[in-house]
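Dumped protein.cif below, it's mmCIF, C-alpha atoms:
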```
data_data
loop_
_atom_site.group_PDB
_atom_site.id
_atom_site.type_symbol
_atom_site.label_atom_id
_atom_site.label_comp_id
_atom_site.auth_asym_id
_atom_site.auth_seq_id
_atom_site.Cartn_x
_atom_site.Cartn_y
_atom_site.Cartn_z
ATOM 1 C CA MET A 1 -1.991 13.173 47.981
ATOM 2 C CA GLN A 2 -0.540 16.535 47.086
ATOM 3 C CA ARG A 3 3.188 17.089 46.779
ATOM 4 C CA GLU A 4 5.169 20.263 46.347
ATOM 5 C CA LEU A 5 8.925 20.270 45.759
ATOM 6 C CA SER A 6 11.371 23.134 45.385
ATOM 7 C CA TYR A 7 14.690 22.568 43.668
ATOM 8 C CA GLN A 8 17.279 23.957 41.273
ATOM 9 C CA VAL A 9 19.170 22.203 38.492
ATOM 10 C CA PRO A 10 22.375 23.941 37.328
ATOM 11 C CA PHE A 11 22.653 24.296 33.548
ATOM 12 C CA LYS A 12 25.760 22.084 33.402
ATOM 13 C CA ARG A 13 23.899 19.280 35.158
ATOM 14 C CA LEU A 14 20.834 19.811 32.988
ATOM 15 C CA ARG A 15 22.920 19.407 29.816
ATOM 16 C CA LYS A 16 24.483 16.208 31.128
ATOM 17 C CA VAL A 17 21.134 14.755 32.181
ATOM 18 C CA GLY A 18 19.599 15.910 28.888
ATOM 19 C CA ARG A 19 22.146 13.946 26.861
ATOM 20 C CA LEU A 20 21.686 10.881 29.065
ATOM 21 C CA VAL A 21 17.899 11.072 28.858
ATOM 22 C CA CYS A 22 18.013 11.423 25.068
ATOM 23 C CA ARG A 23 20.210 8.334 24.800
ATOM 24 C CA LYS A 24 17.858 6.356 27.052
ATOM 25 C CA ALA A 25 14.629 7.673 25.552
ATOM 26 C CA PHE A 26 15.777 7.292 21.940
ATOM 27 C CA PRO A 27 18.411 4.521 21.862
ATOM 28 C CA ILE A 28 18.241 4.433 18.057
ATOM 29 C CA ILE A 29 20.428 7.571 18.106
ATOM 30 C CA GLN A 30 23.337 5.356 19.158
ATOM 31 C CA LEU A 31 23.189 3.710 15.734
ATOM 32 C CA VAL A 32 24.386 6.974 14.193
ATOM 33 C CA TRP A 33 27.700 6.540 16.018
ATOM 34 C CA LEU A 34 27.938 2.954 14.802
ATOM 35 C CA LEU A 35 27.177 4.087 11.258
ATOM 36 C CA LEU A 36 29.883 6.781 11.432
ATOM 37 C CA LEU A 37 32.380 4.291 12.880
ATOM 38 C CA VAL A 38 31.756 1.843 10.043
ATOM 39 C CA TYR A 39 31.935 4.680 7.499
ATOM 40 C CA PHE A 40 35.295 5.970 8.735
ATOM 41 C CA ALA A 41 36.680 2.427 9.058
ATOM 42 C CA ALA A 42 35.709 1.785 5.430
ATOM 43 C CA LEU A 43 37.293 5.089 4.341
ATOM 44 C CA ILE A 44 40.505 4.239 6.149
ATOM 45 C CA GLY A 45 40.378 0.801 4.573
ATOM 46 C CA LEU A 46 40.049 2.368 1.125
ATOM 47 C CA VAL A 47 43.029 4.600 1.776
ATOM 48 C CA VAL A 48 45.198 1.777 3.145
ATOM 49 C CA VAL A 49 44.398 -0.888 0.547
ATOM 50 C CA GLY A 50 43.212 1.414 -2.237
ATOM 51 C CA ASN A 51 46.092 0.724 -4.633
ATOM 52 C CA THR A 52 45.838 -3.033 -4.161
ATOM 53 C CA LEU A 53 42.072 -2.905 -4.518
ATOM 54 C CA GLU A 54 42.353 -0.737 -7.626
ATOM 55 C CA ALA A 55 44.800 -3.189 -9.227
ATOM 56 C CA TRP A 56 42.542 -6.147 -8.419
ATOM 57 C CA LEU A 57 39.401 -4.398 -9.713
ATOM 58 C CA SER A 58 41.220 -3.315 -12.889
ATOM 59 C CA ALA A 59 42.294 -6.930 -13.445
ATOM 60 C CA VAL A 60 38.646 -8.055 -13.403
ATOM 61 C CA GLY A 61 37.641 -5.221 -15.742
ATOM 62 C CA VAL A 62 36.198 -2.658 -13.338
ATOM 63 C CA ARG A 63 37.413 0.844 -14.134
ATOM 64 C CA TYR A 64 37.408 3.464 -11.400
ATOM 65 C CA GLY A 65 36.532 0.791 -8.827
ATOM 66 C CA VAL A 66 37.946 2.547 -5.776
ATOM 67 C CA GLU A 67 36.309 5.811 -6.784
ATOM 68 C CA MET A 68 32.965 4.029 -7.203
ATOM 69 C CA LEU A 69 33.403 2.415 -3.788
ATOM 70 C CA PHE A 70 34.164 5.816 -2.275
ATOM 71 C CA VAL A 71 31.036 7.384 -3.806
ATOM 72 C CA SER A 72 29.020 4.318 -2.748
ATOM 73 C CA LEU A 73 30.249 4.733 0.835
ATOM 74 C CA ILE A 74 29.135 8.352 0.872
ATOM 75 C CA LEU A 75 25.731 7.473 -0.568
ATOM 76 C CA LEU A 76 25.256 4.583 1.877
ATOM 77 C CA ALA A 77 26.222 6.784 4.827
ATOM 78 C CA LEU A 78 23.794 9.510 3.739
ATOM 79 C CA ALA A 79 21.030 6.940 3.201
ATOM 80 C CA GLY A 80 21.744 5.459 6.630
ATOM 81 C CA ILE A 81 21.587 8.849 8.337
ATOM 82 C CA TRP A 82 18.366 9.672 6.470
ATOM 83 C CA GLY A 83 16.822 6.344 7.495
ATOM 84 C CA LEU A 84 17.847 6.717 11.136
ATOM 85 C CA ARG A 85 16.470 10.256 11.201
ATOM 86 C CA ARG A 86 13.125 9.038 9.833
ATOM 87 C CA LEU A 87 13.079 6.276 12.428
ATOM 88 C CA GLN A 88 13.757 8.766 15.217
ATOM 89 C CA VAL A 89 10.961 11.054 13.998
ATOM 90 C CA SER A 90 8.546 8.115 13.888
ATOM 91 C CA GLN A 91 9.500 7.226 17.476
ATOM 92 C CA VAL A 92 8.800 10.783 18.626
ATOM 93 C CA LYS A 93 5.437 10.810 16.826
ATOM 94 C CA ALA A 94 4.488 7.501 18.443
ATOM 95 C CA ARG A 95 5.001 8.913 21.946
ATOM 96 C CA ALA A 96 2.703 11.922 21.733
ATOM 97 C CA ASP A 97 -0.366 13.026 19.813
ATOM 98 C CA PHE A 98 0.792 16.052 17.831
ATOM 99 C CA ASP A 99 -2.629 16.503 16.230
ATOM 100 C CA GLN A 100 -4.429 17.647 19.384
ATOM 101 C CA VAL A 101 -6.094 21.042 19.468
ATOM 102 C CA ILE A 102 -4.035 23.568 21.410
ATOM 103 C CA ARG A 103 -5.826 26.226 23.421
ATOM 104 C CA LEU A 104 -3.860 29.421 24.033
ATOM 105 C CA THR A 105 -5.141 31.536 26.901
ATOM 106 C CA GLN A 106 -3.648 34.938 27.628
ATOM 107 C CA ASP A 107 -4.211 36.527 31.026
ATOM 108 C CA ASP A 108 -2.625 39.293 33.079
ATOM 109 C CA SER A 109 0.131 36.979 34.326
ATOM 110 C CA GLY A 110 1.167 35.166 31.164
ATOM 111 C CA LEU A 111 0.279 32.608 28.490
ATOM 112 C CA ARG A 112 -1.220 29.153 28.940
ATOM 113 C CA PHE A 113 -0.833 26.527 26.222
ATOM 114 C CA ALA A 114 -3.100 23.540 26.876
ATOM 115 C CA THR A 115 -4.183 20.363 25.102
ATOM 116 C CA GLU A 116 -6.268 17.511 26.380
ATOM 117 C CA ASP A 117 -3.111 15.820 27.715
ATOM 118 C CA THR A 118 -0.707 18.622 28.648
ATOM 119 C CA GLU A 119 -0.580 22.161 29.905
ATOM 120 C CA PHE A 120 2.200 24.734 30.002
ATOM 121 C CA TYR A 121 1.964 28.126 31.649
ATOM 122 C CA PHE A 122 4.516 30.844 31.060
ATOM 123 C CA LYS A 123 4.585 33.906 33.208
ATOM 124 C CA TRP A 124 5.553 36.969 31.214
ATOM 125 C CA ARG A 125 9.059 37.064 32.699
ATOM 126 C CA GLY A 126 9.527 33.379 31.759
ATOM 127 C CA ILE A 127 9.160 34.047 28.039
ATOM 128 C CA SER A 128 12.673 34.329 26.672
ATOM 129 C CA GLN A 129 11.920 35.216 23.058
ATOM 130 C CA LEU A 130 9.204 36.110 20.593
ATOM 131 C CA LEU A 131 9.815 35.169 16.960
ATOM 132 C CA LEU A 132 7.903 35.498 13.727
ATOM 133 C CA VAL A 133 8.189 32.927 10.989
ATOM 134 C CA HIS A 134 6.458 33.124 7.620
ATOM 135 C CA ASP A 135 3.085 31.841 8.878
ATOM 136 C CA SER A 136 3.345 31.745 12.668
ATOM 137 C CA VAL A 137 4.191 33.527 15.877
ATOM 138 C CA VAL A 138 6.630 31.588 18.078
ATOM 139 C CA VAL A 139 6.919 32.036 21.841
ATOM 140 C CA SER A 140 9.887 30.415 23.561
ATOM 141 C CA HIS A 141 11.279 29.664 26.957
ATOM 142 C CA GLY A 142 14.884 28.630 26.401
ATOM 143 C CA ALA A 143 14.809 25.737 23.926
ATOM 144 C CA LEU A 144 11.074 25.102 24.406
ATOM 145 C CA PHE A 145 9.123 26.657 21.518
ATOM 146 C CA PHE A 146 5.382 27.091 21.086
ATOM 147 C CA VAL A 147 4.092 27.799 17.597
ATOM 148 C CA VAL A 148 0.908 29.815 17.147
ATOM 149 C CA PRO A 149 -0.121 29.636 13.482
ATOM 150 C CA ASP A 150 -1.517 32.772 11.877
ATOM 151 C CA THR A 151 -4.737 30.835 11.177
ATOM 152 C CA ALA A 152 -5.395 30.716 14.940
ATOM 153 C CA PHE A 153 -6.013 34.482 14.997
ATOM 154 C CA ALA A 154 -9.269 36.109 13.936
ATOM 155 C CA GLY A 155 -7.315 38.219 11.460
ATOM 156 C CA ALA A 156 -4.164 40.209 10.835
ATOM 157 C CA GLY A 157 -5.217 42.848 13.365
ATOM 158 C CA ASP A 158 -5.728 40.239 16.087
ATOM 159 C CA ARG A 159 -2.307 38.716 15.308
ATOM 160 C CA LEU A 160 -0.647 42.141 15.446
ATOM 161 C CA ALA A 161 -2.369 42.966 18.758
ATOM 162 C CA PHE A 162 -1.116 39.654 20.205
ATOM 163 C CA ILE A 163 2.456 40.329 19.061
ATOM 164 C CA ARG A 164 2.416 43.845 20.515
ATOM 165 C CA GLU A 165 0.879 42.688 23.807
ATOM 166 C CA VAL A 166 3.366 39.857 24.313
ATOM 167 C CA TYR A 167 6.313 42.019 23.250
ATOM 168 C CA SER A 168 5.301 44.803 25.640
ATOM 169 C CA ARG A 169 5.292 42.374 28.564
ATOM 170 C CA LEU A 170 8.664 40.729 27.867
ATOM 171 C CA SER A 171 11.627 41.377 30.131
ATOM 172 C CA ASP A 172 14.220 43.831 28.847
ATOM 173 C CA LYS A 173 16.568 40.971 27.921
ATOM 174 C CA ALA A 174 13.844 39.044 26.071
ATOM 175 C CA ARG A 175 12.737 42.220 24.322
ATOM 176 C CA SER A 176 16.288 42.938 23.123
ATOM 177 C CA ILE A 177 16.601 39.366 21.793
ATOM 178 C CA SER A 178 13.182 39.507 20.109
ATOM 179 C CA GLU A 179 13.286 43.031 18.692
ATOM 180 C CA LYS A 180 15.041 42.213 15.436
ATOM 181 C CA HIS A 181 12.561 39.397 14.751
ATOM 182 C CA VAL A 182 9.399 41.420 15.375
ATOM 183 C CA ARG A 183 10.523 44.914 14.353
ATOM 184 C CA ALA A 184 8.659 44.874 11.030
ATOM 185 C CA ALA A 185 5.427 43.674 12.626
ATOM 186 C CA LEU A 186 5.638 46.193 15.447
ATOM 187 C CA SER A 187 6.032 49.051 12.970
ATOM 188 C CA GLN A 188 2.893 48.045 11.032
ATOM 189 C CA GLY A 189 0.125 50.550 11.366
ATOM 190 C CA GLU A 190 2.252 53.113 13.179
ATOM 191 C CA GLN A 191 1.718 56.657 12.016
ATOM 192 C CA PRO A 192 4.847 58.537 10.969
ATOM 193 C CA SER A 193 5.785 61.113 13.530
ATOM 194 C CA ALA A 194 5.227 64.729 12.577
ATOM 195 C CA ALA A 195 8.444 66.556 11.880
#
```

Spell out the structure here as structure tokens.
Amino acid sequence: MQRELSYQVPFKRLRKVGRLVCRKAFPIIQLVWLLLLVYFAALIGLVVVGNTLEAWLSAVGVRYGVEMLFVSLILLALAGIWGLRRLQVSQVKARADFDQVIRLTQDDSGLRFATEDTEFYFKWRGISQLLLVHDSVVVSHGALFFVVPDTAFAGAGDRLAFIREVYSRLSDKARSISEKHVRAALSQGEQPSAA
């Protein structure tokens, strides 16, 4: 059975659905809010009963007790956020194989990024930005980024040809967004104009 649908999703609706989907797909994120709630409740508690707590801790021989509790709260909150972040990353890694070989195919209409499990095709006008990072070329469509490491190219000349080809096919808006990021690469190998 073949199915073809045509539809539009307004950006406002997409943002709302995106937040909802993230909460459902990664429920562990909700623990961050619980952690922050406990943290702020403890801070408020320290402020409200700090003098009493300080007097009690001083009586049992603990100097700077409230200050140590405050620093401990900060450290525990940071450790909790770090742990939840690691847990979230492990959940993402468990859902997809990020070690698959990616095949990039360039044709007259755009770029195709394919693995054994997925495939994305971007027409030239669908590419919203071209970026260069220290060891990669990045092609994006909105918030969806595809990284092409420099090691994927046959050499520096091949990489430069790819950058120039993609840049030349971008829309005017995408080219204006990308220009500052690729300016240095685009000027490589250009001969100075005769004066």

Item to check | For CA of Ile177 (chain A) and CA of Ile163 (chain A), the interatomic separation in Å (one decimal) | outcome: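 Answer for the CA of Ile177 (chain A) to CA of Ile163 (chain A) separation: 14.4 Å.
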
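If all atoms listed in the file are the atoms counted, then among A:Pro10, A:Ala77, A:Val89, A:Tyr121 the closest residue to Leu37 (chain A) is A:Ala77.
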
Next on the checklist: Between CA of Lys16 (chain A) and CA of Trp33 (chain A), what distance in Å does the model show, to one decimal?
Outcome noted: 18.2 Å

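Put simply, CA of Val147 (chain A) is 27.7 Å away from CA of Pro27 (chain A).
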
Next on the checklist: List the spatial neighbours of Phe122 (chain A) as a ChimeraX atom specification - criterion: any atom at most 12 Å away, all atoms listed in the file, same-chain residues fewer than 3 positions off excluded.
Outcome noted: /A:104-114,119,125-129,139-142,144-146,166,169-170

Item to check | Contacts of Glu54 (chain A) within 10 Å, only C-alpha atoms, excl. fewer than 6 positions in-chain, as a list in words | outcome: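 Residues near the query, excluding close chain neighbours: Leu46, Val62, Arg63, Tyr64, Gly65, Val66 and Glu67 of chain A.
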
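Taking all atoms listed in the file into account, Val137 (chain A) lies nearest to A:Arg159 out of the set A:Arg159, A:Arg103, A:Arg13, A:Arg85.
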
Next on the checklist: Suppose a student applies the PyMOL selection byres ((chain A and resi 28) around 8) to this structure; what residues should they get, written as a list in words?
Outcome noted: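 Taken over the shown coordinates, the PyMOL selection byres ((chain A and resi 28) around 8) returns Phe26, Pro27, Ile29, Gln30, Leu31, Val32, Leu84, Leu87 and Gln88 of chain A.
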
Checklist entry - Written as a list in words, what is the full residue list that the PyMOL selection byres ((chain A and resi 167) around 9) yields on the file shown? => result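 What the PyMOL selection byres ((chain A and resi 167) around 9) grabs from the file is Gln129, Leu130, Phe162, Ile163, Arg164, Glu165, Val166, Ser168, Arg169, Leu170, Ser171, Ala174, Arg175, Ser178, Glu179, Val182 and Leu186 of chain A.
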
Checklist entry - Nearest to Phe40 (chain A): which of A:Leu160, A:Asp135, A:Phe70, A:Arg183 is it, counting all atoms listed in the file? => result A:Phe70

Next on the checklist: If we count only C-alpha atoms and set the cut-off at 12 Å, which residues sit around Ala42 (chain A), ignoring sequence neighbours fewer than 6 positions away in its own chain? Please answer as an MDAnalysis selection string.
Outcome noted: chainID A and resid 35:36 48:50 66 69:74 76:77

Checklist entry - Within 9 Å of (2.1, 27.8, 9.0), in the coordinates the file gives, what residues turn up when you count all atoms listed in the file, written out as a PyMOL selection string? => result chain A and resi 133-136+147-151

Item to check | Nearest to Ala161 (chain A) by atom-to-atom distance, counting all atoms listed in the file, from A:Asn51, A:Ser58, A:Gln188, A:Thr118 | outcome: A:Gln188
